[in-house]
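Below is input_23.txt, holding compact mmCIF, C-alpha atoms.
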```txt
# COMPACT_ATOMS: atom_id res chain seq x y z
CA MET Q 1 192.67 -1.28 13.33
CA LYS Q 2 191.81 2.28 14.27
CA SER Q 3 189.77 2.64 11.06
CA LEU Q 4 187.80 -0.46 11.82
CA LEU Q 5 187.09 0.78 15.35
CA ALA Q 6 185.84 4.11 13.98
CA LEU Q 7 183.41 2.37 11.63
CA VAL Q 8 182.06 0.24 14.44
CA LEU Q 9 181.41 3.31 16.58
CA LEU Q 10 179.78 5.29 13.72
CA ALA Q 11 177.43 2.50 12.61
CA PRO Q 12 174.73 3.09 15.33
CA LEU Q 13 174.72 6.83 14.63
CA LEU Q 14 174.25 6.31 10.90
CA SER Q 15 171.46 3.87 11.64
CA CYS Q 16 169.66 6.45 13.83
CA LYS Q 17 170.02 9.13 11.16
CA ALA Q 18 168.62 6.81 8.53
CA GLY Q 19 165.49 6.15 10.63
CA LEU Q 20 164.85 9.84 11.48
CA VAL Q 21 161.81 11.47 9.69
CA LEU Q 22 162.22 15.19 9.32
CA ASP Q 23 159.09 17.40 9.94
CA VAL Q 24 159.13 19.41 6.70
CA PRO Q 25 156.04 21.55 6.02
CA PRO Q 26 154.16 20.66 2.82
CA GLU Q 27 154.47 22.93 -0.14
CA VAL Q 28 151.86 25.74 0.01
CA HIS Q 29 150.01 26.51 -3.26
CA PRO Q 30 148.14 29.79 -3.83
CA PRO Q 31 144.31 29.49 -3.93
CA GLU Q 32 142.95 28.55 -7.32
CA VAL Q 33 141.59 31.52 -9.24
CA LEU Q 34 138.51 30.47 -11.17
CA PRO Q 35 137.65 32.26 -14.41
CA PRO Q 36 134.49 34.40 -14.43
CA THR Q 37 131.32 32.40 -14.90
CA VAL Q 38 129.92 33.04 -18.34
CA LEU Q 39 126.15 32.67 -18.47
CA LYS Q 40 124.38 31.69 -21.62
CA VAL Q 41 122.32 34.83 -22.17
CA PRO Q 42 118.80 34.16 -23.47
CA GLY Q 43 117.39 36.48 -26.09
CA CYS Q 44 114.44 38.86 -25.73
CA ASP Q 45 111.94 36.28 -27.01
CA ALA Q 46 113.40 33.34 -25.06
CA PRO Q 47 110.91 31.60 -22.72
CA GLU Q 48 112.87 32.49 -19.57
CA THR Q 49 113.02 36.15 -20.59
CA GLU Q 50 109.30 36.23 -21.32
CA ALA Q 51 108.60 34.67 -17.93
CA ALA Q 52 110.62 37.41 -16.24
CA ALA Q 53 108.84 40.09 -18.31
CA HIS Q 54 105.42 38.80 -17.29
CA ALA Q 55 106.44 38.79 -13.63
CA ALA Q 56 107.59 42.40 -14.06
CA LEU Q 57 104.31 43.29 -15.82
CA GLU Q 58 102.31 41.85 -12.95
CA HIS Q 59 104.29 43.98 -10.51
CA ILE Q 60 103.86 47.14 -12.61
CA ASN Q 61 100.08 46.75 -12.85
CA LYS Q 62 99.73 45.81 -9.19
CA HIS Q 63 101.34 49.08 -8.10
CA LEU Q 64 99.73 51.48 -10.56
CA LYS Q 65 98.21 54.48 -8.80
CA HIS Q 66 96.33 55.97 -11.76
CA GLY Q 67 94.82 55.25 -15.12
CA TYR Q 68 94.78 52.01 -17.02
CA LYS Q 69 96.48 48.66 -16.79
CA VAL Q 70 99.20 48.05 -19.35
CA ASP Q 71 100.13 45.04 -21.42
CA LEU Q 72 103.46 43.89 -22.80
CA ASN Q 73 104.09 44.96 -26.39
CA ARG Q 74 107.79 44.13 -26.80
CA ILE Q 75 110.89 43.25 -24.80
CA GLU Q 76 113.39 45.85 -25.94
CA GLU Q 77 116.44 44.54 -24.13
CA VAL Q 78 117.46 42.07 -21.44
CA ARG Q 79 120.65 41.75 -19.41
CA TYR Q 80 121.66 38.99 -17.03
CA LEU Q 81 124.04 39.24 -14.06
CA ASP Q 82 125.41 36.17 -12.34
CA ARG Q 83 124.52 36.49 -8.68
CA ARG Q 84 126.41 34.91 -5.77
CA PRO Q 85 125.74 32.64 -3.98
CA HIS Q 86 122.80 31.70 -6.19
CA GLY Q 87 120.29 33.00 -8.70
CA LYS Q 88 120.74 35.87 -11.10
CA MET Q 89 119.80 39.49 -11.53
CA ILE Q 90 117.82 40.46 -14.61
CA LYS Q 91 117.54 43.93 -16.14
CA LEU Q 92 114.69 44.45 -18.58
CA GLU Q 93 113.64 47.24 -20.92
CA LEU Q 94 109.97 46.80 -21.75
CA ASP Q 95 107.67 48.44 -24.28
CA LEU Q 96 104.10 48.56 -22.96
CA VAL Q 97 100.72 49.55 -24.37
CA GLU Q 98 97.64 50.80 -22.58
CA THR Q 99 94.59 48.57 -22.19
CA LYS Q 100 90.95 49.56 -21.72
CA CYS Q 101 90.89 48.19 -18.16
CA HIS Q 102 91.12 50.89 -15.53
CA ILE Q 103 93.07 49.92 -12.42
CA VAL Q 104 89.79 49.58 -10.46
CA ASN Q 105 88.73 46.82 -12.87
CA PRO Q 106 89.46 43.41 -11.26
CA LEU Q 107 89.90 41.71 -14.64
CA PRO Q 108 93.41 40.21 -15.08
CA VAL Q 109 95.42 42.16 -17.63
CA GLU Q 110 95.70 39.13 -19.92
CA ASN Q 111 91.92 39.35 -20.36
CA CYS Q 112 91.91 43.11 -21.00
CA THR Q 113 91.54 44.57 -24.49
CA VAL Q 114 94.46 46.66 -25.71
CA ARG Q 115 93.37 50.11 -26.81
CA ASP Q 116 93.22 50.39 -30.58
CA ARG Q 117 95.52 52.79 -32.39
CA ALA Q 118 92.47 54.63 -33.75
CA GLU Q 119 91.68 55.67 -30.17
CA HIS Q 120 95.05 57.45 -29.88
CA ALA Q 121 96.96 54.73 -28.10
CA ILE Q 122 99.36 55.32 -25.21
CA GLU Q 123 102.80 53.70 -25.20
CA GLY Q 124 104.90 53.09 -22.11
CA ASP Q 125 108.55 52.29 -21.46
CA CYS Q 126 109.80 50.63 -18.29
CA ASP Q 127 113.25 49.74 -16.97
CA VAL Q 128 112.96 46.90 -14.48
CA LYS Q 129 115.58 45.35 -12.20
CA MET Q 130 114.70 42.03 -10.62
CA ILE Q 131 116.13 38.90 -9.00
CA GLU Q 132 115.34 35.36 -10.15
CA HIS Q 133 116.02 32.21 -8.15
CA ASP Q 134 114.54 28.79 -8.88
CA GLY Q 135 111.76 30.30 -10.96
CA HIS Q 136 110.74 32.88 -8.34
CA TYR Q 137 111.05 36.60 -8.99
CA LYS Q 138 111.46 39.66 -6.83
CA VAL Q 139 111.29 43.11 -8.40
CA LEU Q 140 113.89 45.50 -7.00
CA SER Q 141 113.08 48.67 -8.94
CA THR Q 142 110.93 50.03 -11.75
CA LYS Q 143 111.29 53.26 -13.68
CA CYS Q 144 108.58 54.00 -16.25
CA HIS Q 145 107.10 56.74 -18.38
CA SER Q 146 104.38 56.83 -21.01
CA SER Q 147 103.17 59.11 -23.78
CA PRO Q 148 100.53 59.19 -26.50
CA ASP Q 149 101.43 58.77 -30.15
CA SER Q 150 102.26 62.21 -31.58
CA ASN Q 151 99.42 64.04 -33.32
CA GLU Q 152 101.49 64.28 -36.51
CA ASP Q 153 102.12 60.55 -36.70
CA PHE Q 154 98.57 59.83 -35.66
CA MET Q 155 97.04 62.05 -38.35
CA ARG Q 156 99.17 60.43 -41.03
CA SER Q 157 97.97 56.93 -40.15
CA ILE Q 158 94.38 57.73 -39.11
CA PRO Q 159 92.83 60.73 -40.92
CA ASP Q 160 89.66 60.94 -38.76
CA PHE Q 161 91.71 60.95 -35.61
CA ILE Q 162 90.63 61.34 -32.03
CA GLN Q 163 92.35 64.30 -30.39
CA LEU Q 164 92.99 63.72 -26.72
CA ALA Q 165 91.91 66.57 -24.46
CA HIS Q 166 93.49 67.68 -21.22
CA LEU Q 167 92.03 65.79 -18.30
CA ASN Q 168 91.12 69.07 -16.61
CA ASP Q 169 89.63 70.53 -19.81
CA THR Q 170 86.43 72.41 -18.97
CA ASP Q 171 84.25 70.51 -21.46
CA VAL Q 172 85.63 67.16 -20.28
CA VAL Q 173 85.09 68.00 -16.60
CA ASN Q 174 81.57 69.27 -17.27
CA THR Q 175 80.76 66.14 -19.25
CA VAL Q 176 81.95 63.94 -16.37
CA HIS Q 177 80.01 65.79 -13.68
CA ALA Q 178 76.82 65.85 -15.76
CA ALA Q 179 77.17 62.14 -16.48
CA LEU Q 180 77.80 61.25 -12.83
CA ASP Q 181 74.76 63.28 -11.73
CA GLU Q 182 72.67 61.43 -14.28
CA TYR Q 183 73.99 58.05 -13.16
CA ASN Q 184 73.35 58.81 -9.48
CA ALA Q 185 69.80 59.84 -10.35
CA GLN Q 186 69.11 56.65 -12.29
CA ASN Q 187 71.15 53.91 -10.61
CA THR Q 188 69.25 51.17 -8.80
CA THR Q 189 71.93 50.20 -6.27
CA HIS Q 190 70.68 52.88 -3.86
CA ASP Q 191 74.30 53.95 -3.27
CA HIS Q 192 75.52 57.43 -4.00
CA TYR Q 193 78.76 57.53 -5.99
CA LYS Q 194 81.56 60.07 -6.08
CA LEU Q 195 84.14 60.81 -8.75
CA LEU Q 196 87.40 58.95 -8.19
CA GLU Q 197 89.40 59.94 -11.28
CA ILE Q 198 88.99 61.34 -14.79
CA SER Q 199 91.18 59.00 -16.79
CA ARG Q 200 90.56 59.94 -20.43
CA GLY Q 201 88.89 62.61 -22.52
CA HIS Q 202 88.79 63.54 -26.17
CA ARG Q 203 86.94 65.54 -28.75
CA SER Q 204 85.38 64.28 -31.95
CA HIS Q 205 85.40 67.16 -34.42
CA LEU Q 206 83.21 65.52 -37.05
CA ALA Q 207 80.59 64.42 -34.52
CA ARG Q 208 80.81 67.69 -32.55
CA GLY Q 209 81.10 65.79 -29.30
CA VAL Q 210 83.07 65.28 -26.11
CA TYR Q 211 83.87 61.84 -24.73
CA ALA Q 212 85.18 61.00 -21.27
CA GLU Q 213 86.06 58.00 -19.14
CA PHE Q 214 86.21 58.11 -15.36
CA ALA Q 215 86.32 55.93 -12.24
CA ILE Q 216 83.84 56.18 -9.38
CA VAL Q 217 83.53 54.92 -5.80
CA ASN Q 218 80.45 54.47 -3.62
CA THR Q 219 79.80 56.38 -0.41
CA ASN Q 220 78.09 55.64 2.87
CA CYS Q 221 75.05 57.64 1.71
CA SER Q 222 71.94 56.50 -0.02
CA ALA Q 223 70.94 58.30 -3.18
CA GLN Q 224 68.11 60.00 -1.30
CA HIS Q 225 70.27 61.12 1.62
CA ALA Q 226 72.90 62.52 -0.75
CA LYS Q 227 70.34 64.83 -2.34
CA GLU Q 228 69.97 66.67 0.93
CA HIS Q 229 73.33 66.15 2.67
CA GLU Q 230 75.95 65.33 0.04
CA ASP Q 231 78.71 67.01 2.06
CA ASP Q 232 78.18 64.39 4.76
CA CYS Q 233 78.81 61.51 2.36
CA HIS Q 234 82.16 59.75 2.66
CA VAL Q 235 83.76 56.87 0.80
CA ALA Q 236 82.38 53.52 1.96
CA THR Q 237 84.63 51.21 3.95
CA ASP Q 238 85.30 47.51 4.45
CA ASP Q 239 82.86 45.11 2.80
CA HIS Q 240 80.67 47.93 1.54
CA LEU Q 241 83.36 49.41 -0.72
CA HIS Q 242 82.69 49.22 -4.47
CA TYR Q 243 84.51 50.77 -7.39
CA GLY Q 244 83.10 51.46 -10.81
CA PHE Q 245 84.06 52.73 -14.24
CA CYS Q 246 82.03 54.98 -16.53
CA LYS Q 247 82.01 56.11 -20.15
CA ALA Q 248 80.16 59.28 -21.03
CA SER Q 249 79.60 61.43 -24.09
CA VAL Q 250 77.90 64.66 -25.02
CA HIS Q 251 76.97 65.35 -28.63
CA LYS Q 252 76.49 69.01 -29.35
CA SER Q 253 73.25 69.85 -31.04
CA VAL Q 254 73.51 71.52 -34.42
CA ALA Q 255 69.95 72.85 -34.45
CA GLU Q 256 69.40 75.99 -32.43
CA GLY Q 257 67.25 75.47 -29.36
CA THR Q 258 67.77 71.69 -29.34
CA ALA Q 259 69.28 70.14 -26.21
CA ASP Q 260 72.61 68.35 -26.35
CA HIS Q 261 72.46 64.56 -26.29
CA HIS Q 262 73.99 62.95 -23.19
CA GLU Q 263 74.92 59.30 -22.72
CA VAL Q 264 76.47 57.54 -19.73
CA HIS Q 265 77.20 53.91 -19.01
CA CYS Q 266 78.75 52.73 -15.76
CA THR Q 267 79.91 49.33 -14.57
CA VAL Q 268 80.14 48.76 -10.82
CA TYR Q 269 82.41 45.91 -9.76
CA ASP Q 270 81.86 43.45 -6.95
CA HIS Q 271 83.64 44.13 -3.69
CA GLN Q 272 87.33 43.23 -3.94
CA PRO Q 273 88.66 42.11 -0.54
CA GLY Q 274 91.94 43.76 0.37
CA VAL Q 275 91.84 46.24 -2.54
CA HIS Q 276 92.01 49.88 -1.46
CA HIS Q 277 92.98 52.57 -3.92
CA HIS Q 278 94.05 54.96 -1.16
CA HIS Q 279 96.04 57.19 -3.49
CA LEU Q 280 93.02 57.89 -5.69
CA ILE Q 281 90.78 58.49 -2.70
CA HIS Q 282 93.24 60.92 -1.09
CA GLU Q 283 93.88 62.76 -4.34
CA HIS Q 284 90.46 63.15 -5.86
CA VAL Q 285 87.79 62.52 -3.23
CA GLU Q 286 89.54 64.09 -0.26
CA GLY Q 287 91.62 66.58 -2.25
CA LYS Q 288 94.78 65.94 -0.23
CA LEU Q 289 97.05 65.46 -3.25
CA ALA Q 290 97.46 67.38 -6.49
CA PRO Q 291 95.66 65.58 -9.37
CA ALA Q 292 98.14 63.76 -11.57
CA GLY Q 293 96.19 64.56 -14.75
CA ARG Q 294 96.08 68.33 -14.38
CA GLY Q 295 97.47 69.90 -17.55
CA HIS Q 296 98.04 66.50 -19.21
CA VAL Q 297 96.15 64.45 -21.77
CA HIS Q 298 97.00 61.14 -20.12
CA LEU Q 299 98.07 59.70 -16.77
CA ASP Q 300 101.80 59.05 -17.02
CA LEU Q 301 103.24 55.80 -15.69
CA SER Q 302 105.94 57.88 -14.00
CA HIS Q 303 103.39 58.84 -11.33
CA SER Q 304 103.41 55.22 -10.20
CA HIS Q 305 106.88 53.97 -11.14
CA ASN Q 306 109.58 56.61 -10.95
CA ASP Q 307 112.24 54.63 -9.06
CA THR Q 308 112.05 56.88 -6.00
CA SER Q 309 110.87 54.23 -3.56
CA GLY Q 310 114.10 52.30 -3.92
CA SER Q 311 112.52 49.16 -5.30
CA HIS Q 312 108.75 48.95 -4.89
CA SER Q 313 109.61 45.57 -3.38
CA HIS Q 314 106.58 45.32 -1.11
CA SER Q 315 106.20 42.58 1.45
CA ASP Q 316 103.46 40.92 -0.59
CA GLU Q 317 105.61 40.87 -3.72
CA VAL Q 318 106.46 37.76 -5.71
CA VAL Q 319 108.24 35.16 -3.57
CA ALA Q 320 111.36 36.74 -2.11
CA VAL Q 321 114.73 35.16 -2.75
CA GLU Q 322 116.77 33.90 0.20
CA LYS Q 323 119.60 36.25 1.23
CA PRO Q 324 118.61 39.15 -1.06
CA ALA Q 325 121.65 41.17 0.05
CA ALA Q 326 124.16 38.71 -1.40
CA LEU Q 327 127.08 40.06 -3.38
CA VAL Q 328 126.42 40.50 -7.08
CA ARG Q 329 129.26 39.47 -9.33
CA ARG Q 330 129.35 42.27 -11.88
CA SER Q 331 131.87 40.77 -14.26
CA ILE Q 332 129.03 39.59 -16.49
CA LEU Q 333 126.90 42.36 -17.93
CA ALA Q 334 126.17 42.01 -21.61
CA ALA Q 335 123.14 42.78 -23.75
CA ALA Q 336 121.44 39.73 -25.14
CA PRO Q 337 122.37 39.20 -28.78
CA GLU Q 338 118.85 38.53 -30.04
CA CYS Q 339 117.14 41.79 -29.11
CA PRO Q 340 114.81 43.62 -29.42
CA GLY Q 341 112.03 41.06 -29.44
CA ARG Q 342 108.84 40.75 -31.43
CA TYR Q 343 105.87 43.10 -31.28
CA ARG Q 344 102.84 41.52 -29.64
CA HIS Q 345 100.31 44.17 -30.58
CA TYR Q 346 101.52 46.95 -32.88
CA HIS Q 347 104.42 49.25 -33.56
CA LEU Q 348 103.86 52.83 -32.43
```

The structure given in the file should be rewritten as structure tokens.
Amino acid sequence: MKSLLALVLLAPLLSCKAGLVLDVPPEVHPPEVLPPTVLKVPGCDAPETEAAAHAALEHINKHLKHGYKVDLNRIEEVRYLDRRPHGKMIKLELDLVETKCHIVNPLPVENCTVRDRAEHAIEGDCDVKMIEHDGHYKVLSTKCHSSPDSNEDFMRSIPDFIQLAHLNDTDVVNTVHAALDEYNAQNTTHDHYKLLEISRGHRSHLARGVYAEFAIVNTNCSAQHAKEHEDDCHVATDDHLHYGFCKASVHKSVAEGTADHHEVHCTVYDHQPGVHHHHLIHEHVEGKLAPAGRGHVHLDLSHSHNDTSGSHSHSDEVVAVEKPAALVRRSILAAAPECPGRYRHYHL
């Protein structure tokens, strides 16, 4: 009887216990660790790599301070970095060749003629770091240098070779000044022009001559006024500013008492709105900077792209990528397997 009474009293308690839901915290799992993202790395001749290289080339030419525009000869190497939260970073090693278009020439580089090897071609190398996002590029840094083919290699391939002269060589400088004086005396634009830069000079031993190329800029003086007050002539401004490019040669006379033969041909370009080659004007016309060509036979790309500006990423650069300071995931950094790429012009 006592046992039965105990069961009757315990029944409500057991019923309450059975209906009670305990508040037990759910099991906590550690955050999922995703494996590194592995990008499919395009080769040096892949379309996406070529697109990046051409964007880099446009940037390089846009920010040249001296000499001639350059064209792409070969993509030496490409590396891709996955970039968070979006896009990717691209590192390029480019082989470049000099064209015949001086930087004052408004012609797009794709329409410029590459200098022939027989003219003692100049080769350039550039390391470029850039960001790509949705087909838009932003160049972060460029580091370049250039050099002419060695005389030994040049002589082996081209017996009647052109020997480059120093840009401050006395004969080259005299040829340029004589040619510019002749052009100013004969030109029909009524503007007086000043020397902007000597960009190339060489000697031809068989023809006993000196050849030079140089850039010019017009002044605020007429040709007549400059004859009397040349020191008062300053570089033209605004809509009146025009740049030009000249080729000149002097052939030494063999016969005694016969004058040397001079030739000069200049092309003056239409006004280019927004284009101001301040560096050239400060260096050569105003004499505020040391000439880059002094003691050299060519104008090195390092004068324009030496990686000291921390990116050359100017405000008018190719479309900027959103959040450019985003963290770069550096777990992916591998050279593309199909490199270097093809030569587009010639192998120096």

Can you build me a table of range 54-169 of chain Q residues sitting at most 10 Å from range 232-248 of chain Q, with the closest atom pair per residue and its distance in Å to one decimal, using only C-alpha atoms, sorted by chain and residue number, as CSV?
```
residue,atom,partner,partner_atom,distance
Q:Cys101,CA,Q:Phe245,CA,9.1
Q:His102,CA,Q:Phe245,CA,7.4
Q:Ile103,CA,Q:Phe245,CA,9.6
Q:Val104,CA,Q:Tyr243,CA,6.2
Q:Asn105,CA,Q:Gly244,CA,7.6
Q:Pro106,CA,Q:Tyr243,CA,9.7
```

Would you mind exporting the chosen residues as a short mmCIF file (atom, residue, chain, number, x, y, z; two decimals), keeping the file's coordinate frame, restricted to C-alpha atoms?
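Output file part.cif is given in full below:
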```cif
data_model
loop_
_atom_site.label_atom_id
_atom_site.label_comp_id
_atom_site.auth_asym_id
_atom_site.auth_seq_id
_atom_site.Cartn_x
_atom_site.Cartn_y
_atom_site.Cartn_z
CA CYS Q 101 90.89 48.19 -18.16
CA HIS Q 102 91.12 50.89 -15.53
CA ILE Q 103 93.07 49.92 -12.42
CA VAL Q 104 89.79 49.58 -10.46
CA ASN Q 105 88.73 46.82 -12.87
CA PRO Q 106 89.46 43.41 -11.26
#
```

Go through range 259-303 of chain Q residue by residue and, counting all atoms listed in the file, keep those with an atom at most 8 Å from range 127-146 of chain Q; for each kept residue give the shortest atom pair and its distance in Å to one decimal, ordered by chain and increasing number, as a tab-separated table.
```
residue	atom	partner	partner_atom	distance
Q:Asp300	CA	Q:Ser146	CA	5.2
Q:Leu301	CA	Q:His145	CA	4.8
Q:Ser302	CA	Q:His145	CA	4.7
```

Counting all atoms listed in the file, figure out which residue out of Q:His54, Q:His347, Q:His202, Q:His282 gets nearest to His298 in chain Q.
->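 Result for the nearest residue to His298 in chain Q: Q:His202.
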
Please provide the set of residues having any atom within 6 Å of range 182-196 of chain Q, restricted to only C-alpha atoms, with same-chain residues fewer than 5 positions apart removed, written as a PyMOL selection string.
-> chain Q and resi 215-219+221-223+284

Hey, can you spit out that residue selection with C-alpha atoms as an mmCIF file, in the coordinates of the input?
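Written output follows (part23.cif):
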```
data_model
loop_
_atom_site.group_PDB
_atom_site.id
_atom_site.type_symbol
_atom_site.label_atom_id
_atom_site.label_comp_id
_atom_site.auth_asym_id
_atom_site.auth_seq_id
_atom_site.Cartn_x
_atom_site.Cartn_y
_atom_site.Cartn_z
ATOM 1 C CA ALA Q 215 86.320 55.930 -12.240
ATOM 2 C CA ILE Q 216 83.840 56.180 -9.380
ATOM 3 C CA VAL Q 217 83.530 54.920 -5.800
ATOM 4 C CA ASN Q 218 80.450 54.470 -3.620
ATOM 5 C CA THR Q 219 79.800 56.380 -0.410
ATOM 6 C CA CYS Q 221 75.050 57.640 1.710
ATOM 7 C CA SER Q 222 71.940 56.500 -0.020
ATOM 8 C CA ALA Q 223 70.940 58.300 -3.180
ATOM 9 C CA HIS Q 284 90.460 63.150 -5.860
#
```

Need the shell around His303 in chain Q: protein/DNA/RNA residues with any atom at most 8 Å away, counting only C-alpha atoms. Skip same-chain ones fewer than 2 positions apart. Format as a PDB file with C-alpha atoms, keeping the file's coordinate frame?
```pdb
ATOM      1  CA  LYS Q  65      98.210  54.480  -8.800  1.00  0.00           C
ATOM      2  CA  HIS Q  66      96.330  55.970 -11.760  1.00  0.00           C
ATOM      3  CA  ALA Q 292      98.140  63.760 -11.570  1.00  0.00           C
ATOM      4  CA  LEU Q 299      98.070  59.700 -16.770  1.00  0.00           C
ATOM      5  CA  ASP Q 300     101.800  59.050 -17.020  1.00  0.00           C
ATOM      6  CA  LEU Q 301     103.240  55.800 -15.690  1.00  0.00           C
ATOM      7  CA  HIS Q 305     106.880  53.970 -11.140  1.00  0.00           C
ATOM      8  CA  ASN Q 306     109.580  56.610 -10.950  1.00  0.00           C
TER       9      ASN Q 306
END
```

Please measure the separation of CA of Ala52 in chain Q and CA of Pro108 in chain Q, giving the value in Å to one decimal.
-> 17.5 Å

Interatomic distance between CA of His345 in chain Q and CA of Ser249 in chain Q?
-> 27.7 Å

Contact residues around Lys252 in chain Q with only C-alpha atoms at 6 Å, ignoring same-chain residues under 6 positions, as a PDB file with C-alpha atoms, keeping the file's coordinate frame:
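The resulting file, selection07.pdb, is shown below:
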```pdb
ATOM      1  CA  ARG Q 208      80.810  67.690 -32.550  1.00  0.00           C
ATOM      2  CA  GLY Q 209      81.100  65.790 -29.300  1.00  0.00           C
ATOM      3  CA  ASP Q 260      72.610  68.350 -26.350  1.00  0.00           C
TER       4      ASP Q 260
END
```

What would the list of residues within 12 Å of (120.3, 40.6, -28.1) (file frame) look like as a ChimeraX atom specification, if only C-alpha atoms are what count?
-> /Q:40-46,49,75-80,92-93,334-342

Print the selection's residues with C-alpha atoms to a file, as a PDB file, keeping the file's coordinate frame.
```pdb
ATOM      1  CA  LYS Q  40     124.380  31.690 -21.620  1.00  0.00           C
ATOM      2  CA  VAL Q  41     122.320  34.830 -22.170  1.00  0.00           C
ATOM      3  CA  PRO Q  42     118.800  34.160 -23.470  1.00  0.00           C
ATOM      4  CA  GLY Q  43     117.390  36.480 -26.090  1.00  0.00           C
ATOM      5  CA  CYS Q  44     114.440  38.860 -25.730  1.00  0.00           C
ATOM      6  CA  ASP Q  45     111.940  36.280 -27.010  1.00  0.00           C
ATOM      7  CA  ALA Q  46     113.400  33.340 -25.060  1.00  0.00           C
ATOM      8  CA  THR Q  49     113.020  36.150 -20.590  1.00  0.00           C
ATOM      9  CA  ILE Q  75     110.890  43.250 -24.800  1.00  0.00           C
ATOM     10  CA  GLU Q  76     113.390  45.850 -25.940  1.00  0.00           C
ATOM     11  CA  GLU Q  77     116.440  44.540 -24.130  1.00  0.00           C
ATOM     12  CA  VAL Q  78     117.460  42.070 -21.440  1.00  0.00           C
ATOM     13  CA  ARG Q  79     120.650  41.750 -19.410  1.00  0.00           C
ATOM     14  CA  TYR Q  80     121.660  38.990 -17.030  1.00  0.00           C
ATOM     15  CA  LEU Q  92     114.690  44.450 -18.580  1.00  0.00           C
ATOM     16  CA  GLU Q  93     113.640  47.240 -20.920  1.00  0.00           C
ATOM     17  CA  ALA Q 334     126.170  42.010 -21.610  1.00  0.00           C
ATOM     18  CA  ALA Q 335     123.140  42.780 -23.750  1.00  0.00           C
ATOM     19  CA  ALA Q 336     121.440  39.730 -25.140  1.00  0.00           C
ATOM     20  CA  PRO Q 337     122.370  39.200 -28.780  1.00  0.00           C
ATOM     21  CA  GLU Q 338     118.850  38.530 -30.040  1.00  0.00           C
ATOM     22  CA  CYS Q 339     117.140  41.790 -29.110  1.00  0.00           C
ATOM     23  CA  PRO Q 340     114.810  43.620 -29.420  1.00  0.00           C
ATOM     24  CA  GLY Q 341     112.030  41.060 -29.440  1.00  0.00           C
ATOM     25  CA  ARG Q 342     108.840  40.750 -31.430  1.00  0.00           C
TER      26      ARG Q 342
END
```

From the list Q:Val210, Q:Leu180, Q:Val264, Q:Leu94, which residue is nearest Leu57 in chain Q when using only C-alpha atoms?
-> Q:Leu94

One-decimal distance in Å that lies between CA of Leu107 in chain Q and CA of Ile162 in chain Q =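 Between CA of Ile162 in chain Q and CA of Leu107 in chain Q the gap is 26.2 Å.
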
Would you mind listing what lies within 9 Å of Cys112 in chain Q as an mmCIF file with C-alpha atoms, keeping the file's coordinate frame, with all atoms listed in the file counted and same-chain residues fewer than 5 positions away left out?
```cif
data_model
loop_
_atom_site.group_PDB
_atom_site.id
_atom_site.type_symbol
_atom_site.label_atom_id
_atom_site.label_comp_id
_atom_site.auth_asym_id
_atom_site.auth_seq_id
_atom_site.Cartn_x
_atom_site.Cartn_y
_atom_site.Cartn_z
ATOM 1 C CA LYS Q 69 96.480 48.660 -16.790
ATOM 2 C CA VAL Q 70 99.200 48.050 -19.350
ATOM 3 C CA ASP Q 71 100.130 45.040 -21.420
ATOM 4 C CA THR Q 99 94.590 48.570 -22.190
ATOM 5 C CA LYS Q 100 90.950 49.560 -21.720
ATOM 6 C CA CYS Q 101 90.890 48.190 -18.160
ATOM 7 C CA LEU Q 107 89.900 41.710 -14.640
#
```
